[in-house]
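Structure file entry-v9.csv with CSV, C-alpha atoms:
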chain,number,residue,atom,x,y,z
A,158,MET,CA,26.6,20.7,-26.9
A,159,GLY,CA,22.8,20.5,-26.9
A,160,ASP,CA,23.0,16.7,-26.4
A,161,VAL,CA,25.4,17.1,-23.5
A,162,GLY,CA,23.1,19.7,-21.9
A,163,LEU,CA,20.1,17.4,-22.3
A,164,PHE,CA,22.1,14.5,-20.8
A,165,ARG,CA,23.0,16.7,-17.8
A,166,VAL,CA,19.4,17.6,-17.3
A,167,TRP,CA,18.4,13.9,-17.5
A,168,VAL,CA,21.1,12.9,-15.0
A,169,PHE,CA,19.8,15.5,-12.6
A,170,LEU,CA,16.2,14.6,-13.1
A,171,SER,CA,16.5,10.8,-13.1
A,172,SER,CA,18.2,10.9,-9.7
A,173,SER,CA,15.8,13.3,-8.2
A,174,PRO,CA,12.7,11.9,-6.4
A,175,LEU,CA,10.6,14.7,-7.9
A,176,LEU,CA,10.7,13.2,-11.4
A,177,TRP,CA,9.2,9.8,-10.6
A,178,LEU,CA,6.7,11.3,-8.1
A,179,THR,CA,5.5,13.7,-10.8
A,180,VAL,CA,5.4,10.9,-13.5
A,181,THR,CA,3.3,8.7,-11.1
A,182,VAL,CA,0.7,11.3,-10.6
A,183,LEU,CA,0.6,12.3,-14.2
A,184,VAL,CA,0.2,8.7,-15.5
A,185,TYR,CA,-2.6,8.2,-13.0
A,186,LEU,CA,-4.4,11.4,-14.2
A,187,ALA,CA,-4.0,10.2,-17.8
A,188,ALA,CA,-5.4,6.8,-16.9
A,189,LEU,CA,-8.4,8.4,-15.1
A,190,TRP,CA,-9.0,10.5,-18.2
A,191,LEU,CA,-8.9,7.5,-20.5
A,192,TYR,CA,-11.3,5.6,-18.1
A,193,ALA,CA,-13.7,8.5,-18.2
A,194,ARG,CA,-13.5,8.7,-22.0
A,195,SER,CA,-14.3,5.0,-22.2
A,196,GLY,CA,-17.5,5.6,-20.2
A,197,GLY,CA,-16.2,3.8,-17.2
A,198,HIS,CA,-15.6,0.5,-19.0
A,199,SER,CA,-14.3,-2.1,-16.6
A,200,LEU,CA,-11.6,-3.3,-19.0
A,201,VAL,CA,-10.1,0.2,-19.0
A,202,ASN,CA,-9.2,-0.1,-15.3
A,203,PRO,CA,-7.3,3.0,-14.1
A,204,ILE,CA,-4.9,0.9,-11.9
A,205,LEU,CA,-4.1,-1.5,-14.7
A,206,LEU,CA,-3.5,1.3,-17.2
A,207,SER,CA,-1.3,3.3,-14.8
A,208,VAL,CA,0.8,0.3,-13.9
A,209,ALA,CA,1.2,-0.8,-17.6
A,210,GLY,CA,2.1,2.8,-18.5
A,211,LEU,CA,4.7,3.1,-15.7
A,212,VAL,CA,6.3,-0.3,-16.4
A,213,GLY,CA,6.6,0.8,-20.0
A,214,VAL,CA,8.2,4.2,-19.1
A,215,LEU,CA,10.6,2.6,-16.6
A,216,HIS,CA,11.6,-0.1,-19.1
A,217,PHE,CA,12.1,2.4,-21.9
A,218,THR,CA,14.3,4.7,-19.8
A,219,ALA,CA,16.1,1.7,-18.2
A,220,THR,CA,15.2,3.0,-14.7
A,221,PRO,CA,15.5,0.3,-12.0
A,222,TYR,CA,12.4,0.0,-9.7
A,223,PRO,CA,14.3,1.1,-6.5
A,224,VAL,CA,15.2,4.4,-8.3
A,225,TYR,CA,11.6,4.9,-9.3
A,226,PHE,CA,10.4,4.1,-5.8
A,227,GLU,CA,12.6,6.8,-4.3
A,228,GLY,CA,10.2,9.2,-5.8
A,229,ALA,CA,7.0,7.2,-5.7
A,230,LYS,CA,7.4,6.3,-2.0
A,231,PHE,CA,5.8,9.7,-1.1
A,232,VAL,CA,2.5,8.5,-2.6
A,233,HIS,CA,3.0,5.0,-1.3
A,234,PHE,CA,3.5,6.3,2.3
A,235,LEU,CA,-0.1,7.7,2.3
A,236,ILE,CA,-1.5,4.1,2.2
A,237,GLY,CA,-1.0,4.0,6.0
A,238,PRO,CA,-3.1,7.0,6.9
A,239,ALA,CA,-5.6,5.9,4.2
A,240,THR,CA,-6.0,2.6,5.9
A,241,VAL,CA,-6.7,4.3,9.2
A,242,ALA,CA,-9.2,6.5,7.3
A,243,LEU,CA,-11.3,3.4,6.5
A,244,ALA,CA,-12.7,3.8,10.0
A,245,ILE,CA,-14.8,6.6,8.6
A,246,PRO,CA,-16.9,4.7,6.0
A,247,LEU,CA,-17.2,1.9,8.6
A,248,TYR,CA,-18.5,4.4,11.2
A,249,ALA,CA,-20.9,5.8,8.6
A,250,GLN,CA,-22.5,2.3,8.3
A,251,LEU,CA,-23.0,2.0,12.1
A,252,GLU,CA,-26.8,1.9,12.1
A,253,ARG,CA,-26.9,-0.8,9.4
A,254,LEU,CA,-24.2,-2.7,11.3
A,255,LYS,CA,-26.2,-2.7,14.5
A,256,SER,CA,-29.5,-3.9,12.9
A,257,MET,CA,-27.8,-6.7,10.8
A,258,TRP,CA,-24.9,-7.6,13.0
A,259,LEU,CA,-25.5,-11.4,13.1
A,260,PRO,CA,-26.0,-12.1,9.3
A,261,ILE,CA,-23.2,-9.7,8.5
A,262,GLY,CA,-20.8,-11.2,11.0
A,263,VAL,CA,-21.5,-14.8,9.7
A,264,ALA,CA,-21.1,-13.6,6.1
A,265,VAL,CA,-17.7,-11.9,6.8
A,266,VAL,CA,-16.3,-15.0,8.6
A,267,VAL,CA,-17.5,-17.4,5.8
A,268,GLY,CA,-16.5,-15.0,3.0
A,269,SER,CA,-13.0,-14.3,4.4
A,270,THR,CA,-12.3,-17.9,5.1
A,271,VAL,CA,-13.4,-19.0,1.6
A,272,ALA,CA,-11.2,-16.2,0.1
A,273,ILE,CA,-8.1,-17.4,1.9
A,274,VAL,CA,-8.7,-21.1,1.6
A,275,SER,CA,-9.8,-21.0,-2.1
A,276,ALA,CA,-6.7,-19.0,-3.1
A,277,LEU,CA,-4.4,-21.5,-1.2
A,278,ALA,CA,-6.2,-24.5,-2.6
A,279,ILE,CA,-6.2,-23.5,-6.3
A,280,GLY,CA,-2.6,-22.2,-6.1
A,281,ARG,CA,-1.4,-25.4,-4.3
A,282,VAL,CA,-3.2,-27.8,-6.8
A,283,LEU,CA,-1.7,-26.0,-9.8
A,284,GLY,CA,1.8,-26.0,-8.3
A,285,ALA,CA,2.5,-22.5,-7.0
A,286,SER,CA,5.7,-22.1,-4.9
A,287,HIS,CA,5.4,-21.6,-1.1
A,288,SER,CA,6.2,-17.9,-1.2
A,289,THR,CA,3.7,-17.3,-4.1
A,290,LEU,CA,1.0,-19.1,-2.0
A,291,MET,CA,1.7,-16.9,1.0
A,292,SER,CA,1.5,-13.9,-1.3
A,293,LEU,CA,-1.9,-15.1,-2.7
A,294,ALA,CA,-3.5,-15.9,0.7
A,295,PRO,CA,-4.5,-12.3,1.8
A,296,LYS,CA,-5.5,-11.2,-1.7
A,297,SER,CA,-9.2,-10.3,-1.0
A,298,SER,CA,-8.2,-7.9,1.8
A,299,THR,CA,-7.4,-4.4,0.8
A,300,LEU,CA,-3.8,-3.6,-0.5
A,301,PRO,CA,-2.0,-2.3,2.6
A,302,ILE,CA,-3.3,-5.1,4.7
A,303,ALA,CA,-2.6,-7.8,2.1
A,304,MET,CA,1.0,-6.5,1.6
A,305,SER,CA,1.9,-6.4,5.3
A,306,LEU,CA,0.2,-9.8,6.0
A,307,ALA,CA,2.0,-11.4,3.0
A,308,GLU,CA,5.3,-10.2,4.4
A,309,GLN,CA,4.5,-11.5,7.9
A,310,ILE,CA,3.7,-15.1,6.6
A,311,GLY,CA,6.6,-15.4,4.2
A,312,GLY,CA,5.2,-14.0,1.0
A,313,VAL,CA,6.4,-11.2,-1.3
A,314,PRO,CA,4.6,-7.8,-0.8
A,315,ALA,CA,4.9,-6.9,-4.5
A,316,LEU,CA,3.4,-10.2,-5.6
A,317,ALA,CA,0.6,-9.7,-3.0
A,318,ALA,CA,0.0,-6.3,-4.5
A,319,MET,CA,-0.3,-7.9,-8.0
A,320,ALA,CA,-2.7,-10.6,-6.6
A,321,VAL,CA,-4.8,-7.9,-5.0
A,322,ALA,CA,-4.9,-6.0,-8.2
A,323,VAL,CA,-5.9,-9.0,-10.3
A,324,THR,CA,-8.5,-10.0,-7.7
A,325,GLY,CA,-10.0,-6.5,-7.6
A,326,ILE,CA,-10.1,-6.0,-11.3
A,327,SER,CA,-11.5,-9.5,-12.1
A,328,GLY,CA,-14.1,-9.1,-9.3
A,329,ALA,CA,-15.3,-5.7,-10.6
A,330,MET,CA,-15.6,-7.3,-14.1
A,331,MET,CA,-17.5,-10.5,-13.0
A,332,ALA,CA,-19.7,-9.0,-10.3
A,333,GLN,CA,-22.8,-8.0,-12.3
A,334,PRO,CA,-23.1,-11.2,-14.5
A,335,LEU,CA,-22.2,-13.6,-11.7
A,336,LEU,CA,-24.7,-12.1,-9.2
A,337,ASN,CA,-27.4,-11.9,-11.9
A,338,LEU,CA,-26.8,-15.6,-12.6
A,339,LEU,CA,-27.3,-16.4,-8.8
A,340,ARG,CA,-30.5,-14.2,-8.9
A,341,ILE,CA,-29.3,-12.0,-6.0
A,342,ASP,CA,-31.7,-9.0,-6.2
A,343,ASP,CA,-31.0,-7.3,-2.8
A,344,PRO,CA,-28.5,-4.5,-3.5
A,345,ALA,CA,-27.2,-4.8,0.0
A,346,VAL,CA,-26.2,-8.5,-0.5
A,347,ARG,CA,-24.8,-7.7,-4.0
A,348,GLY,CA,-22.6,-4.8,-2.7
A,349,PHE,CA,-21.5,-6.8,0.3
A,350,ALA,CA,-20.4,-9.8,-1.8
A,351,VAL,CA,-18.4,-7.6,-4.1
A,352,GLY,CA,-16.7,-5.8,-1.2
A,353,ILE,CA,-15.6,-9.1,0.5
A,354,ALA,CA,-14.3,-10.7,-2.7
A,355,SER,CA,-12.7,-7.8,-4.4
A,356,HIS,CA,-12.0,-5.0,-1.8
A,357,ALA,CA,-11.5,-1.4,-2.8
A,358,ILE,CA,-11.5,-1.9,-6.6
A,359,GLY,CA,-14.8,-3.9,-6.3
A,360,THR,CA,-16.1,-1.2,-4.0
A,361,ALA,CA,-15.3,1.6,-6.5
A,362,ARG,CA,-17.4,-0.4,-9.1
A,363,ALA,CA,-20.2,-1.0,-6.6
A,364,MET,CA,-20.4,2.7,-5.9
A,365,GLN,CA,-21.0,3.3,-9.6
A,366,VAL,CA,-23.9,0.8,-9.5
A,367,GLY,CA,-25.8,2.4,-6.6
A,368,THR,CA,-25.6,4.0,-3.1
A,369,VAL,CA,-26.8,0.9,-1.2
A,370,ASN,CA,-24.5,-1.3,-3.2
A,371,GLY,CA,-21.6,1.1,-2.5
A,372,ALA,CA,-22.2,1.5,1.2
A,373,PHE,CA,-22.4,-2.3,1.8
A,374,ALA,CA,-19.3,-2.8,-0.3
A,375,ALA,CA,-17.4,-0.3,1.8
A,376,LEU,CA,-18.7,-2.0,5.0
A,377,ALA,CA,-17.6,-5.4,3.7
A,378,LEU,CA,-14.2,-4.0,2.6
A,379,ALA,CA,-13.4,-2.6,6.1
A,380,LEU,CA,-14.7,-5.8,7.9
A,381,ASN,CA,-12.8,-8.1,5.6
A,382,ALA,CA,-9.6,-6.2,6.3
A,383,VAL,CA,-10.0,-7.0,10.0
A,384,ALA,CA,-11.2,-10.6,9.4
A,385,THR,CA,-8.4,-11.5,7.0
A,386,ALA,CA,-5.8,-10.1,9.4
A,387,LEU,CA,-7.2,-12.3,12.2
A,388,LEU,CA,-8.0,-15.4,10.2
A,389,ILE,CA,-4.7,-15.6,8.2
A,390,PRO,CA,-2.4,-16.7,11.1
A,391,LEU,CA,-5.1,-19.1,12.3
A,392,LEU,CA,-5.8,-20.7,8.8
A,393,ILE,CA,-2.2,-20.9,7.8
A,394,GLY,CA,-1.4,-22.7,11.1
A,395,VAL,CA,-4.2,-25.2,10.6
A,396,LEU,CA,-3.4,-25.8,6.9
A,397,ARG,CA,0.4,-25.9,7.3
A,398,PRO,CA,0.7,-29.7,6.8
A,399,LEU,CA,-1.1,-29.4,3.5
A,400,LEU,CA,0.9,-26.4,2.1
B,162,MET,CA,-8.4,19.1,7.4
B,163,VAL,CA,-4.8,19.3,8.8
B,164,HIS,CA,-6.3,18.4,12.2
B,165,GLY,CA,-8.0,15.4,10.6
B,166,PHE,CA,-4.8,14.3,8.9
B,167,ALA,CA,-2.9,14.7,12.2
B,168,LEU,CA,-5.4,12.4,13.9
B,169,LEU,CA,-5.0,9.8,11.2
B,170,LEU,CA,-1.2,9.9,11.6
B,171,VAL,CA,-1.4,9.7,15.4
B,172,CYS,CA,-3.7,6.7,15.2
B,173,GLN,CA,-1.3,5.0,12.7
B,174,LEU,CA,1.7,5.8,14.9
B,175,ILE,CA,0.0,4.3,18.0
B,176,GLY,CA,-1.0,1.3,16.0
B,177,GLU,CA,2.5,0.7,14.6
B,178,VAL,CA,4.2,1.2,18.0
B,179,ALA,CA,1.7,-1.2,19.8
B,180,VAL,CA,2.2,-3.9,17.1
B,181,LYS,CA,6.0,-3.7,17.5
B,182,ALA,CA,6.0,-3.5,21.2
B,183,LEU,CA,3.5,-6.3,21.8
B,184,SER,CA,4.4,-8.4,18.7
B,185,LEU,CA,0.8,-8.5,17.6
B,186,PRO,CA,0.0,-10.5,14.4
B,187,VAL,CA,-1.9,-7.6,12.7
B,188,PRO,CA,-0.6,-4.7,10.6
B,189,GLY,CA,-0.1,-1.4,12.5
B,190,PRO,CA,-2.4,0.7,10.3
B,191,LEU,CA,-5.2,-1.8,10.8
B,192,LEU,CA,-4.9,-1.4,14.6
B,193,GLY,CA,-4.9,2.3,14.0
B,194,MET,CA,-8.2,2.0,12.1
B,195,LEU,CA,-9.8,0.0,14.9
B,196,LEU,CA,-8.5,2.5,17.4
B,197,LEU,CA,-10.0,5.4,15.5
B,198,PHE,CA,-13.3,3.5,15.0
B,199,ALA,CA,-13.5,2.9,18.8
B,200,GLY,CA,-12.7,6.6,19.4
B,201,LEU,CA,-15.6,7.6,17.1
B,202,LEU,CA,-17.9,5.2,18.9
B,203,VAL,CA,-17.0,6.7,22.3
B,204,ARG,CA,-17.2,10.3,21.0
B,205,GLY,CA,-20.5,9.6,19.1
B,206,GLY,CA,-20.0,11.8,16.0
B,207,LEU,CA,-17.7,12.5,13.1
B,208,PRO,CA,-15.7,15.7,13.2
B,209,ASP,CA,-15.7,17.7,9.9
B,210,ALA,CA,-11.9,18.0,9.8
B,211,LEU,CA,-11.6,14.2,10.0
B,212,ARG,CA,-14.2,13.6,7.4
B,213,ASP,CA,-12.5,16.0,5.0
B,214,ALA,CA,-9.0,14.4,5.5
B,215,ALA,CA,-10.5,10.9,5.1
B,216,ASN,CA,-12.4,11.8,2.0
B,217,ALA,CA,-9.3,13.4,0.4
B,218,LEU,CA,-7.3,10.2,1.0
B,219,LEU,CA,-10.0,7.7,0.1
B,220,ARG,CA,-11.1,9.4,-3.1
B,221,HIS,CA,-7.8,8.7,-4.7
B,222,LEU,CA,-7.0,5.4,-3.0
B,223,MET,CA,-6.1,3.9,-6.4
B,224,LEU,CA,-3.3,6.4,-6.9
B,225,LEU,CA,-1.7,5.3,-3.6
B,226,PHE,CA,-1.7,1.7,-4.8
B,227,ILE,CA,0.2,2.3,-8.0
B,228,PRO,CA,3.8,2.5,-6.8
B,229,ALA,CA,3.5,-0.9,-4.9
B,230,ILE,CA,1.8,-2.7,-7.9
B,231,THR,CA,4.4,-1.3,-10.3
B,232,GLY,CA,6.9,-3.2,-8.1
B,233,VAL,CA,5.6,-6.3,-9.8
B,234,MET,CA,8.1,-5.5,-12.6
B,235,MET,CA,10.8,-7.0,-10.4
B,236,TYR,CA,9.0,-10.3,-10.3
B,237,PHE,CA,8.1,-10.7,-14.0
B,238,ASP,CA,10.2,-13.9,-14.2
B,239,ARG,CA,8.2,-15.5,-11.4
B,240,ILE,CA,4.9,-14.5,-12.9
B,241,ALA,CA,6.0,-15.9,-16.2
B,242,ARG,CA,6.9,-19.2,-14.4
B,243,GLU,CA,3.8,-19.4,-12.2
B,244,TRP,CA,1.2,-17.5,-14.2
B,245,LEU,CA,-1.3,-20.3,-14.3
B,246,PRO,CA,-1.6,-21.0,-10.5
B,247,PHE,CA,-1.3,-17.3,-9.9
B,248,MET,CA,-4.1,-16.1,-12.2
B,249,ALA,CA,-6.4,-19.1,-11.5
B,250,ALA,CA,-6.1,-18.6,-7.7
B,251,CYS,CA,-6.9,-14.8,-8.1
B,252,ILE,CA,-9.7,-15.1,-10.6
B,253,GLY,CA,-11.2,-18.5,-9.6
B,254,GLY,CA,-10.9,-17.6,-5.9
B,255,THR,CA,-12.6,-14.3,-6.4
B,256,ALA,CA,-15.6,-16.0,-8.1
B,257,VAL,CA,-15.9,-18.7,-5.4
B,258,THR,CA,-15.6,-16.0,-2.6
B,259,MET,CA,-18.3,-13.8,-4.2
B,260,ILE,CA,-20.7,-16.7,-4.6
B,261,ALA,CA,-20.2,-18.0,-1.1
B,262,THR,CA,-20.5,-14.5,0.5
B,263,ALA,CA,-23.7,-13.6,-1.4
B,264,LEU,CA,-25.4,-17.0,-0.7
B,265,THR,CA,-24.4,-16.9,3.0
B,266,LEU,CA,-25.6,-13.3,3.6
B,267,ARG,CA,-28.9,-13.9,1.7
B,268,TRP,CA,-29.5,-17.1,3.7
B,269,MET,CA,-28.7,-15.5,7.0
B,270,LEU,CA,-31.0,-12.6,6.3
B,271,ARG,CA,-33.8,-15.0,5.6
B,272,VAL,CA,-33.1,-17.2,8.6
B,273,THR,CA,-32.9,-14.3,11.1
B,274,GLY,CA,-35.8,-12.5,9.4
B,275,THR,CA,-33.8,-9.3,9.4
B,276,THR,CA,-35.5,-6.5,7.4
B,277,ARG,CA,-33.4,-3.8,6.0
B,278,ASP,CA,-34.4,-0.2,6.2
B,279,PRO,CA,-36.0,0.5,2.8
B,280,GLU,CA,-34.1,3.1,0.6
Show how you would write the structure in this file as structure tokens.
Amino acid sequence: MGDVGLFRVWVFLSSSPLLWLTVTVLVYLAALWLYARSGGHSLVNPILLSVAGLVGVLHFTATPYPVYFEGAKFVHFLIGPATVALAIPLYAQLERLKSMWLPIGVAVVVGSTVAIVSALAIGRVLGASHSTLMSLAPKSSTLPIAMSLAEQIGGVPALAAMAVAVTGISGAMMAQPLLNLLRIDDPAVRGFAVGIASHAIGTARAMQVGTVNGAFAALALALNAVATALLIPLLIGVLRPLL
Amino acid sequence: MVHGFALLLVCQLIGEVAVKALSLPVPGPLLGMLLLFAGLLVRGGLPDALRDAANALLRHLMLLFIPAITGVMMYFDRIAREWLPFMAACIGGTAVTMIATALTLRWMLRVTGTTRDPE
């Protein structure tokens, strides 16, 4: 009797979008709590924790991803307006952008090109399939841009999301030791390099380091989103014989 | 706040429609972002409602990414098969990109003699 009642509740809940929307938000809050408890340790990345937790829950309850996404899509949808909202941090950096437009412009084009070409080259040499390569190419741009670009050039949006996540998390972890090794002292240059290479996740890390670091990372993130979208069709076209 | 959110949605909508109608090679939300940026340049100031809506969305950007990244569970077999090129391209590519960007910007700042406003 009790078991049948529980089963009915589960049947109702598991087919309602409310359950997986709620679980997504709660898992995220739990991951944020753990991240804060660890003192902001870069290995305890909130995205990594949340995704690992959700994959575990879905696996344990034998819930297929499309059923989960019926609920989670309400959160997912907000990526669009959030991308538009990146115009605001970009606008906030307007004065800096005006005074440093030439060095910044050159650094964006070089950084964005290196990001795309290095991902394609390493993947190609180590034998990645074509659709995996196309999912890797836009990995240094922020998630919504990378996902829709990957889809346009024949990649898989979910793999692009994974590549973006690994890029962001590894960039946030390697930034401080790597830039110290290169003896880059200027916080503007440090933040900018992190923002180009590892987008929003790197920017979140740069914001913890300092305000100049964070502001230049946000600027780099927004500019690289634009640069990647413009450079991807061009570079894929030029490199097509090699891919 | 609601006005700000409405403005973000309108910009995205215009961006998506323009991309579809003109078959542009860029994502719709990106065009929406450029449109909003251009609008702010013309207007010359950031309305409070827009700032509030943008901050609310951007503060929890990580939450918005989670459903899409969880979709990776459908591709576990491919990651298992191609984990080496996949991880090497992500991690190696990130290091190379960070080094190239940092050295380029530092060099360009020296060459052009640009001085940053001290903070």
| task | Please indicate the distance in Å from atom CA of A:Met319 to atom CA of B:Gly176, rounded to one decimal place. | result | 25.7 Å
| request: Check the smallest atom-to-atom distance from each of A:Tyr248, A:Leu243, A:Ser256, A:Leu399 to B:Leu219 using all atoms listed in the file, then report the winner. | output: A:Leu243
| message | Could you tell me how far atom CA of A:Thr181 sits from atom CA of B:Leu218, in Å to one decimal place? | response |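 If I compute the distance from atom CA of B:Leu218 to atom CA of A:Thr181, I get 16.2 Å.
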| task | Have a look at atom CA of A:Ser292 and atom CA of A:Thr324 and let me know their distance in Å, one decimal. | result |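 Atom CA of A:Ser292 sits 12.5 Å away from atom CA of A:Thr324.
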| task | For chain B, report every residue with an atom at most 7 Å from chain A (counting only C-alpha atoms), formatted as a ChimeraX atom specification. | result | /B:169-170,173,187-188,190-191,193-195,197-198,215,218-219,223-234,243,246-247,249-252,254-255,258-259,261-263,265-267,269-270,275
Write out as a PDB file with C-alpha atoms, in the frame of the given file which residues come within 8 Å of B:Leu168 when counting all atoms listed in the file, dropping same-chain ones fewer than 4 positions away.
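Final output, around.pdb:
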ATOM      1  CA  HIS B 164      -6.300  18.400  12.200  1.00  0.00           C
ATOM      2  CA  CYS B 172      -3.700   6.700  15.200  1.00  0.00           C
ATOM      3  CA  LEU B 211     -11.600  14.200  10.000  1.00  0.00           C
TER       4      LEU B 211
END
| Nearest to A:Val168, chosen from A:Gln365, A:Thr218, A:Ser288, A:Ser195, with only C-alpha atoms counted in the distances | A:Thr218
